[in-house]
file coords.cif (mmCIF, C-alpha atoms and all ligand atoms)
data_start
loop_
_atom_site.label_atom_id
_atom_site.label_comp_id
_atom_site.auth_asym_id
_atom_site.auth_seq_id
_atom_site.Cartn_x
_atom_site.Cartn_y
_atom_site.Cartn_z
CA MET M 266 125.03 122.07 27.58
CA SER M 267 128.61 121.00 28.08
CA ALA M 268 131.12 122.82 30.26
CA PRO M 269 134.02 124.59 28.56
CA PRO M 270 137.31 122.64 28.69
CA PRO M 271 139.01 123.27 32.05
CA LEU M 272 142.18 125.26 32.10
CA THR M 273 145.55 123.65 32.54
CA TRP M 274 146.28 125.27 35.91
CA GLN M 275 143.11 123.69 37.26
CA ARG M 276 144.03 120.24 35.99
CA GLU M 277 147.43 120.61 37.57
CA LEU M 278 145.76 121.39 40.86
CA GLY M 279 143.60 118.28 40.71
CA TRP M 280 140.53 119.58 38.90
CA ASN M 281 138.53 116.99 37.00
CA GLU M 282 135.09 116.28 35.54
CA PHE M 283 133.65 115.65 38.98
CA PHE M 284 134.39 119.20 40.11
CA ALA M 285 133.67 120.70 36.70
CA GLN M 286 130.16 119.31 36.80
CA ALA M 287 129.54 120.48 40.36
CA ALA M 288 130.86 123.98 39.62
CA GLN M 289 129.02 124.36 36.36
CA PRO M 290 126.09 126.46 37.68
CA TRP M 291 128.49 128.74 39.53
CA LEU M 292 130.89 129.23 36.64
CA ALA M 293 128.11 129.57 34.09
CA ALA M 294 127.18 132.92 35.69
CA GLY M 295 130.55 134.26 34.54
CA PRO M 296 132.68 136.91 36.30
CA PRO M 297 133.23 137.55 39.13
CA HIS M 298 132.64 133.83 39.67
CA GLU M 299 135.77 131.68 39.77
CA VAL M 300 137.00 128.52 41.46
CA GLY M 301 140.14 127.78 43.43
CA ARG M 302 141.67 125.21 45.72
CA VAL M 303 142.22 125.82 49.42
CA SER M 304 145.95 125.66 50.10
CA ASN M 305 145.98 126.89 53.68
CA VAL M 306 143.54 127.47 56.48
CA GLY M 307 144.23 130.01 59.20
CA ARG M 308 142.11 130.93 62.16
CA ALA M 309 140.07 133.54 60.31
CA SER M 310 141.61 133.54 56.87
CA TYR M 311 142.16 131.21 54.00
CA GLN M 312 144.58 130.89 51.17
CA VAL M 313 143.11 129.77 47.88
CA TRP M 314 145.07 128.72 44.85
CA THR M 315 143.68 130.26 41.69
CA GLU M 316 144.95 130.92 38.20
CA ARG M 317 147.05 133.72 39.71
CA GLY M 318 148.67 131.47 42.32
CA PRO M 319 148.02 131.41 46.06
CA GLU M 320 145.76 134.27 47.14
CA ASP M 321 144.26 135.37 50.44
CA ALA M 322 140.57 134.70 50.83
CA ARG M 323 137.78 135.23 53.30
CA LEU M 324 134.48 133.52 53.86
CA ALA M 325 131.38 135.21 52.46
CA GLY M 326 128.92 136.22 55.19
CA THR M 327 126.47 133.53 54.17
CA MET M 328 129.12 130.84 54.74
CA HIS M 329 129.15 131.61 58.45
CA GLN M 330 125.54 130.62 58.87
CA ALA M 331 125.06 127.00 59.81
CA ALA M 332 122.94 125.11 57.34
CA PRO M 333 122.29 121.42 56.82
CA GLY M 334 125.06 119.95 54.75
CA ARG M 335 127.11 123.13 54.88
CA SER M 336 130.68 122.71 55.94
CA LEU M 337 133.51 125.20 56.21
CA PRO M 338 136.39 124.88 53.73
CA VAL M 339 139.27 122.62 54.68
CA ILE M 340 142.68 122.13 53.11
CA GLY M 341 142.36 120.51 49.69
CA ASP M 342 138.82 121.74 49.07
CA TRP M 343 137.75 123.19 45.76
CA VAL M 344 135.78 126.33 46.47
CA GLU M 345 133.59 128.77 44.62
CA VAL M 346 135.13 132.23 44.91
CA GLU M 347 134.14 135.73 43.94
CA ARG M 348 136.77 138.13 42.73
CA LEU M 349 135.75 141.54 43.96
CA ALA M 350 137.45 144.79 43.06
CA GLU M 351 141.17 144.58 42.35
CA GLY M 352 143.12 144.63 45.60
CA GLN M 353 140.34 143.07 47.66
CA VAL M 354 140.73 139.55 48.99
CA LEU M 355 138.80 136.76 47.33
CA ARG M 356 135.48 135.82 48.85
CA ILE M 357 134.67 132.14 49.34
CA ALA M 358 131.01 131.60 48.55
CA GLY M 359 130.76 127.82 48.60
CA VAL M 360 132.55 124.49 48.95
CA LEU M 361 132.31 122.05 46.06
CA PRO M 362 131.48 118.42 46.85
CA ARG M 363 134.44 116.41 48.11
CA ARG M 364 135.81 113.29 46.48
CA THR M 365 137.58 112.10 49.61
CA THR M 366 137.45 113.32 53.22
CA PHE M 367 139.68 112.81 56.21
CA THR M 368 137.70 113.11 59.37
CA ARG M 369 138.56 112.88 62.99
CA ALA M 370 136.30 112.10 65.88
CA VAL M 371 135.54 114.99 68.21
CA GLN M 372 133.37 115.32 71.32
CA GLY M 373 134.30 111.85 72.46
CA GLY M 374 133.30 110.23 69.21
CA LEU M 375 129.91 111.95 68.96
CA ALA M 376 130.83 114.17 66.03
CA GLU M 377 133.21 114.21 63.14
CA GLN M 378 135.43 117.02 61.98
CA ILE M 379 136.75 117.12 58.44
CA ILE M 380 140.45 117.95 58.35
CA ALA M 381 141.40 117.50 54.69
CA ALA M 382 139.59 116.93 51.43
CA ASN M 383 140.27 115.54 47.99
CA VAL M 384 143.44 113.65 48.88
CA ASP M 385 144.14 110.88 46.36
CA LEU M 386 147.06 109.09 47.95
CA VAL M 387 148.35 108.90 51.50
CA PHE M 388 151.91 107.92 52.25
CA ILE M 389 152.00 106.24 55.63
CA VAL M 390 155.54 106.81 56.84
CA THR M 391 157.20 104.54 59.37
CA THR M 392 160.77 103.64 60.35
CA PRO M 393 162.59 100.41 61.22
CA ASP M 394 162.87 101.34 64.89
CA LEU M 395 160.57 101.87 67.86
CA ASP M 396 157.92 103.38 65.59
CA PHE M 397 157.44 100.07 63.82
CA ASP M 398 154.10 98.69 64.96
CA LEU M 399 152.12 96.58 62.53
CA SER M 400 148.81 96.80 64.34
CA ARG M 401 148.94 100.60 64.45
CA LEU M 402 150.01 100.75 60.79
CA GLY M 403 147.10 98.46 60.00
CA ARG M 404 144.73 100.96 61.59
CA TYR M 405 146.23 103.77 59.51
CA VAL M 406 145.76 101.75 56.34
CA ALA M 407 142.11 101.19 57.28
CA ALA M 408 141.62 104.88 58.12
CA VAL M 409 143.11 105.95 54.79
CA GLN M 410 140.90 103.53 52.92
CA ALA M 411 137.87 104.81 54.83
CA SER M 412 138.69 108.36 53.69
CA GLY M 413 138.48 107.30 50.06
CA ALA M 414 142.20 107.77 49.41
CA ALA M 415 144.66 104.99 48.54
CA PRO M 416 147.37 104.07 51.07
CA VAL M 417 151.08 103.60 50.27
CA VAL M 418 153.55 102.59 53.00
CA LEU M 419 157.02 104.14 53.11
CA LEU M 420 159.66 102.53 55.28
CA ASN M 421 161.94 105.53 55.83
CA LYS M 422 165.43 105.59 57.40
CA VAL M 423 166.11 102.25 55.77
CA ASP M 424 169.80 103.23 55.99
CA LEU M 425 169.51 102.54 59.73
CA ALA M 426 167.97 99.09 59.36
CA ALA M 427 170.11 96.05 60.06
CA ASP M 428 167.68 93.86 58.17
CA PRO M 429 165.40 95.93 55.89
CA GLU M 430 164.05 92.76 54.25
CA TRP M 431 162.55 91.63 57.53
CA HIS M 432 160.65 94.92 57.89
CA LEU M 433 159.48 94.85 54.29
CA GLN M 434 158.30 91.30 54.68
CA GLN M 435 156.38 92.29 57.84
CA LEU M 436 154.78 95.25 56.07
CA GLY M 437 153.75 92.89 53.31
CA GLN M 438 151.36 91.32 55.81
CA LEU M 439 149.30 94.50 55.89
CA GLY M 440 147.66 93.61 52.61
CA PRO M 441 148.45 91.85 49.35
CA ASP M 442 147.85 94.93 47.19
CA LEU M 443 149.38 97.52 49.47
CA PRO M 444 152.42 99.20 47.86
CA VAL M 445 155.43 99.30 50.21
CA HIS M 446 158.68 101.19 49.47
CA ALA M 447 161.95 101.38 51.35
CA VAL M 448 163.40 104.90 51.29
CA SER M 449 166.01 107.05 52.91
CA ALA M 450 164.77 110.62 52.79
CA ALA M 451 167.96 111.98 54.35
CA GLN M 452 170.14 110.32 51.71
CA ALA M 453 167.66 110.73 48.84
CA GLY M 454 167.55 106.94 48.51
CA GLY M 455 164.62 105.22 46.83
CA LEU M 456 162.88 108.49 46.05
CA GLY M 457 162.40 107.66 42.37
CA ALA M 458 159.62 105.22 43.22
CA VAL M 459 158.03 107.81 45.50
CA ARG M 460 158.24 110.55 42.89
CA SER M 461 156.51 108.39 40.31
CA TYR M 462 153.26 108.73 42.29
CA PHE M 463 153.21 112.49 41.75
CA GLN M 464 151.44 112.65 38.42
CA PRO M 465 149.93 116.03 37.45
CA GLY M 466 146.80 116.70 39.50
CA VAL M 467 147.43 113.90 42.01
CA THR M 468 147.19 115.04 45.63
CA VAL M 469 149.32 113.22 48.18
CA ALA M 470 149.41 113.56 51.96
CA LEU M 471 152.03 112.33 54.39
CA ILE M 472 151.15 110.87 57.76
CA GLY M 473 153.20 109.20 60.44
CA SER M 474 154.50 109.65 63.96
CA SER M 475 156.68 112.58 64.90
CA GLY M 476 160.29 112.07 63.84
CA VAL M 477 159.76 109.47 61.12
CA GLY M 478 161.02 111.99 58.54
CA LYS M 479 157.95 113.60 56.98
CA SER M 480 159.57 117.03 56.78
CA THR M 481 162.81 115.61 55.42
CA LEU M 482 160.82 113.71 52.81
CA THR M 483 158.78 116.80 51.91
CA ASN M 484 161.94 118.86 51.45
CA SER M 485 163.60 116.16 49.31
CA LEU M 486 160.55 115.86 47.10
CA LEU M 487 160.17 119.59 46.67
CA GLY M 488 163.87 120.06 46.09
CA HIS M 489 164.11 122.92 48.57
CA GLU M 490 163.53 123.64 52.23
CA VAL M 491 159.92 124.36 53.01
CA ALA M 492 158.91 122.16 55.85
CA THR M 493 160.40 122.81 59.25
CA THR M 494 162.12 119.63 60.32
CA GLY M 495 161.58 118.68 63.89
CA SER M 496 158.56 120.87 64.55
CA VAL M 497 155.75 122.66 62.85
CA ARG M 498 155.89 126.41 63.14
CA GLN M 499 152.47 127.91 63.38
CA SER M 500 152.85 131.40 64.82
CA ASP M 501 154.79 134.48 63.84
CA GLN M 502 156.69 136.68 66.33
CA GLN M 503 153.53 138.27 67.64
CA GLY M 504 152.14 134.84 68.33
CA ARG M 505 149.44 135.28 65.71
CA HIS M 506 148.55 132.48 63.44
CA THR M 507 150.20 133.04 60.12
CA THR M 508 149.17 131.69 56.78
CA THR M 509 152.39 132.50 54.96
CA GLY M 510 153.62 128.91 55.14
CA ARG M 511 151.55 127.09 52.58
CA THR M 512 150.57 123.60 53.38
CA LEU M 513 149.59 122.55 49.87
CA TYR M 514 152.71 122.32 47.73
CA ARG M 515 153.17 121.79 44.03
CA LEU M 516 155.99 119.47 43.10
CA PRO M 517 158.38 120.55 40.35
CA GLY M 518 157.46 117.56 38.18
CA GLY M 519 153.71 117.75 38.85
CA GLY M 520 151.49 116.53 41.63
CA LEU M 521 150.59 118.13 44.94
CA LEU M 522 151.67 117.45 48.47
CA ILE M 523 149.60 118.33 51.51
CA ASP M 524 151.59 118.80 54.68
CA ASN M 525 149.13 119.94 57.26
CA PRO M 526 149.59 119.78 61.03
CA GLY M 527 146.07 118.49 61.58
CA LEU M 528 146.59 115.68 59.14
CA ARG M 529 150.09 114.97 60.37
CA ASP M 530 148.85 114.39 63.85
CA ILE M 531 147.55 110.97 62.96
CA ALA M 532 146.81 110.17 66.56
CA VAL M 533 143.77 112.40 66.42
CA TRP M 534 142.16 110.67 63.50
CA ASP M 535 143.29 107.17 64.35
CA VAL M 536 139.61 106.29 64.44
CA ASP M 537 139.79 102.93 66.07
CA ALA M 538 141.95 104.11 68.90
CA SER M 539 140.59 107.54 69.55
CA SER M 540 136.82 107.46 69.23
CA ALA M 541 134.33 105.54 71.28
CA ARG M 542 136.91 103.57 73.22
CA PHE M 543 138.10 106.69 74.99
CA GLU M 544 134.74 108.13 75.84
CA ALA M 545 134.83 106.90 79.43
CA LEU M 546 138.38 108.12 79.83
CA GLU M 547 137.58 111.56 78.47
CA GLU M 548 134.55 111.80 80.72
CA LEU M 549 136.78 111.06 83.73
CA ALA M 550 139.42 113.49 82.50
CA THR M 551 137.03 116.39 83.05
CA GLN M 552 137.53 115.73 86.76
CA CYS M 553 141.35 115.81 86.64
CA ARG M 554 142.82 118.68 88.64
CA PHE M 555 144.68 120.02 85.61
CA ARG M 556 142.80 120.81 82.45
CA LYS M 557 145.68 119.57 80.29
CA CYS M 558 146.37 116.52 82.43
CA THR M 559 148.21 113.81 80.52
CA HIS M 560 147.20 111.19 83.10
CA THR M 561 150.80 110.16 83.65
CA THR M 562 152.29 111.73 86.79
CA GLU M 563 150.06 114.71 87.59
CA PRO M 564 148.57 114.95 91.08
CA GLY M 565 144.79 114.84 91.30
CA CYS M 566 144.42 112.74 88.16
CA ALA M 567 140.91 111.29 88.08
CA VAL M 568 141.82 108.90 85.27
CA ARG M 569 144.62 107.13 87.13
CA ARG M 570 142.48 107.05 90.25
CA ALA M 571 139.78 105.24 88.28
CA VAL M 572 142.35 102.73 86.99
CA GLU M 573 143.58 102.13 90.55
CA ARG M 574 140.00 101.52 91.67
CA GLY M 575 139.38 99.16 88.80
CA GLN M 576 136.78 101.45 87.21
CA LEU M 577 138.77 101.90 84.02
CA SER M 578 140.96 99.29 82.39
CA ALA M 579 144.68 99.93 82.50
CA GLU M 580 144.84 98.80 78.89
CA VAL M 581 142.58 101.63 77.73
CA LEU M 582 144.84 104.15 79.47
CA ALA M 583 147.96 102.51 78.01
CA THR M 584 146.47 102.69 74.52
CA TYR M 585 145.49 106.30 75.11
CA HIS M 586 149.09 107.10 76.05
CA GLU M 587 150.41 105.24 73.04
CA VAL M 588 148.10 107.11 70.68
CA HIS M 589 149.07 110.45 72.18
CA GLY M 590 152.78 109.65 72.12
CA LEU M 591 153.11 109.48 75.89
CA GLY M 592 154.76 106.82 77.95
CA GLY M 593 157.02 103.99 76.86
CA ARG M 594 156.18 102.45 73.53
CA LEU M 595 157.61 99.03 73.00
CA PRO M 596 158.28 97.67 69.55
CA ARG M 597 155.61 95.11 68.88
CA ARG M 598 156.76 92.51 66.42
CA SER M 599 153.45 90.92 65.63
CA LYS M 600 153.84 87.47 64.11
CA LYS M 601 150.57 87.11 62.29
CA ARG M 602 147.59 89.36 61.99
N1 LIG S 701 169.26 108.17 59.20
C1 LIG S 701 168.21 108.82 58.68
N2 LIG S 701 167.68 109.88 59.34
C2 LIG S 701 166.63 110.51 58.79
C3 LIG S 701 166.07 110.09 57.56
N3 LIG S 701 165.04 110.89 57.28
C4 LIG S 701 164.93 111.78 58.30
N4 LIG S 701 165.90 111.57 59.22
C5 LIG S 701 166.14 112.33 60.45
O1 LIG S 701 165.07 112.11 61.37
C6 LIG S 701 164.81 113.28 62.14
C7 LIG S 701 163.34 113.64 62.10
O2 LIG S 701 163.01 113.99 60.77
P1 LIG S 701 161.78 114.96 60.43
O3 LIG S 701 161.74 115.09 58.96
O4 LIG S 701 161.83 116.21 61.23
O5 LIG S 701 160.56 114.11 60.95
P2 LIG S 701 159.00 114.49 60.93
O6 LIG S 701 158.26 113.24 60.64
O7 LIG S 701 158.79 115.64 60.02
O8 LIG S 701 158.75 114.92 62.42
P3 LIG S 701 157.63 115.95 62.97
O9 LIG S 701 157.93 117.28 62.35
O10 LIG S 701 157.86 115.94 64.46
O11 LIG S 701 156.30 115.39 62.59
C8 LIG S 701 165.71 114.36 61.58
O12 LIG S 701 166.84 114.47 62.41
C9 LIG S 701 166.11 113.83 60.20
O13 LIG S 701 167.37 114.29 59.78
C10 LIG S 701 166.67 108.97 56.88
O14 LIG S 701 166.25 108.54 55.81
N5 LIG S 701 167.72 108.37 57.51
ZN ZN S 702 144.50 113.05 84.50
#

call {"tool": "encode", "arguments": {"input": "coords.cif", "output": "structure tokens"}}
result
Amino acid sequence: MSAPPPLTWQRELGWNEFFAQAAQPWLAAGPPHEVGRVSNVGRASYQVWTERGPEDARLAGTMHQAAPGRSLPVIGDWVEVERLAEGQVLRIAGVLPRRTTFTRAVQGGLAEQIIAANVDLVFIVTTPDLDFDLSRLGRYVAAVQASGAAPVVLLNKVDLAADPEWHLQQLGQLGPDLPVHAVSAAQAGGLGAVRSYFQPGVTVALIGSSGVGKSTLTNSLLGHEVATTGSVRQSDQQGRHTTTGRTLYRLPGGGLLIDNPGLRDIAVWDVDASSARFEALEELATQCRFRKCTHTTEPGCAVRRAVERGQLSAEVLATYHEVHGLGGRLPRRSKKR
């Protein structure tokens, strides 16, 4: 038995044979069974993109029970939903298998948390200034490849570079087949090449340090202001988490863009730097006087004490600070990798 041809809205949202096959038993049962794509995840609520557009959704009771192989929906997931009576929010009954997954290490590297699913392409954004660090960019490339997505490097703020060719040549060392583009998001320069990646159904995510221009780029690509430049707003006036700001966007010419705080914060899923290497440090950090100690200048810092006593290498702490955007970061102009 072959599945009916998928609808156009689904294709535009990234649906393909892989998902169609997985959803076949669910859809074969007919109404109220539908599918949709998770476009935002709040603390207790979800937003799912269906034929009708973005809709509020809630987990079905059975989804709350832990079961082997069961995972809660994340941004980018295709989910099985039930449309109850008109006016009621959609109910998420299941998560379809994922084609790609971004994970980050939690519990000191003992467990993995999935933060985004079904991303096809990841734009790694950097700038020709202090952010430029080939070894860190190399780790991002490896992390993107490990997720199953394809990496593309964007050298943004190229208008500020004295010698853009030097930076491009350096980035070329990251891999012979790695696409690299020089852009200026603020001046809409070089965006044609970037736009050409957004084919219908292709899901793209942006990652990069704070301030490299991800929001500016998002706004230029979407043609209107959606992303908050400078910071990510997550709460409304009452301080509640709000799901009104979508984090899965459809581009005017096709293609989808995920701009999600969890994914943005590359430091947390920079696998090499943040997992096992920091286990000892995180163990020590439980003894710091302050729960949110940054191990820089706080009194009663168990981590710095351990470094002073030679129990923890100063390099591990320095890397930890670099990954978390703390402390002085020097431009490292690596010659050869
Ligand atoms: N000169 C120049 N400035 C740019 C360019 N793109 C972005 N900027 C500026 O860089 C600053 C940071 O840009 P954002 O878009 O907020 O950076 P972001 O990566 O979203 O930062 P976070 O929200 O902290 O993750 C803003 O002042 C932008 O106007 C560019 O191409 N050239
Ligand atoms: Zn500390």

call {"tool": "closest_residue", "arguments": {"input": "coords.cif", "among": "M:Arg317, M:Arg356, M:Arg364, M:Arg302", "to": "M:Val344", "atoms": "all atoms listed in the file"}}
result
M:Arg302

call {"tool": "closest_residue", "arguments": {"input": "coords.cif", "among": "M:Ser304, M:Thr551, M:Gln434, M:Asn281", "to": "M:Arg515", "atoms": "only C-alpha atoms"}}
result
M:Ser304

call {"tool": "closest_residue", "arguments": {"input": "coords.cif", "among": "M:Cys566, M:Val346, M:Ile340, M:Ala407", "to": "M:Gly295", "atoms": "only C-alpha atoms"}}
result
M:Val346

call {"tool": "closest_atom_pairs", "arguments": {"input": "coords.cif", "of": "chain M", "to": "ligand ZN 702 (chain S)", "cutoff": "10 Å", "atoms": "all atoms listed in the file", "output": "Markdown table"}}
result
| residue | atom | partner | partner_atom | distance |
| --- | --- | --- | --- | --- |
| M:Leu546 | CA | S:ZN702 | ZN | 9.1 |
| M:Glu547 | CA | S:ZN702 | ZN | 9.3 |
| M:Leu549 | CA | S:ZN702 | ZN | 8.0 |
| M:Ala550 | CA | S:ZN702 | ZN | 5.5 |
| M:Thr551 | CA | S:ZN702 | ZN | 8.3 |
| M:Gln552 | CA | S:ZN702 | ZN | 7.8 |
| M:Cys553 | CA | S:ZN702 | ZN | 4.7 |
| M:Arg554 | CA | S:ZN702 | ZN | 7.2 |
| M:Phe555 | CA | S:ZN702 | ZN | 7.1 |
| M:Arg556 | CA | S:ZN702 | ZN | 8.2 |
| M:Lys557 | CA | S:ZN702 | ZN | 7.9 |
| M:Cys558 | CA | S:ZN702 | ZN | 4.5 |
| M:Thr559 | CA | S:ZN702 | ZN | 5.5 |
| M:His560 | CA | S:ZN702 | ZN | 3.6 |
| M:Thr561 | CA | S:ZN702 | ZN | 7.0 |
| M:Thr562 | CA | S:ZN702 | ZN | 8.2 |
| M:Glu563 | CA | S:ZN702 | ZN | 6.6 |
| M:Pro564 | CA | S:ZN702 | ZN | 8.0 |
| M:Gly565 | CA | S:ZN702 | ZN | 7.0 |
| M:Cys566 | CA | S:ZN702 | ZN | 3.7 |
| M:Ala567 | CA | S:ZN702 | ZN | 5.4 |
| M:Val568 | CA | S:ZN702 | ZN | 5.0 |
| M:Arg569 | CA | S:ZN702 | ZN | 6.5 |
| M:Arg570 | CA | S:ZN702 | ZN | 8.6 |
| M:Ala571 | CA | S:ZN702 | ZN | 9.9 |

call {"tool": "closest_residue", "arguments": {"input": "coords.cif", "among": "M:Gly466, M:Pro296, M:Gly518, M:Gly326", "to": "M:Gly359", "atoms": "only C-alpha atoms"}}
result
M:Gly326

call {"tool": "atom_distance", "arguments": {"input": "coords.cif", "atom1": "atom CA of M:His329", "atom2": "atom CA of M:Asn305"}}
result
18.1 Å

call {"tool": "residues_around", "arguments": {"input": "coords.cif", "residues": "M:Val384", "least_positions_apart": "4", "cutoff": "12 Å", "atoms": "only C-alpha atoms", "output": "PyMOL selection string"}}
result
chain M and resi 278-280+339-343+363-368+380+388+409-410+412-416+466-471+513+520-525+528

call {"tool": "closest_residue", "arguments": {"input": "coords.cif", "among": "M:Val572, M:Thr391, M:Ser336, M:Thr327", "to": "M:Gly403", "atoms": "only C-alpha atoms"}}
result
M:Thr391

call {"tool": "closest_residue", "arguments": {"input": "coords.cif", "among": "M:Phe397, M:Leu486, M:Ser449, M:Gly307", "to": "M:Ser461", "atoms": "all atoms listed in the file"}}
result
M:Leu486

call {"tool": "atom_distance", "arguments": {"input": "coords.cif", "atom1": "atom CA of M:Asp424", "atom2": "atom C6 of ligand LIG 701 (chain S)"}}
result
12.8 Å
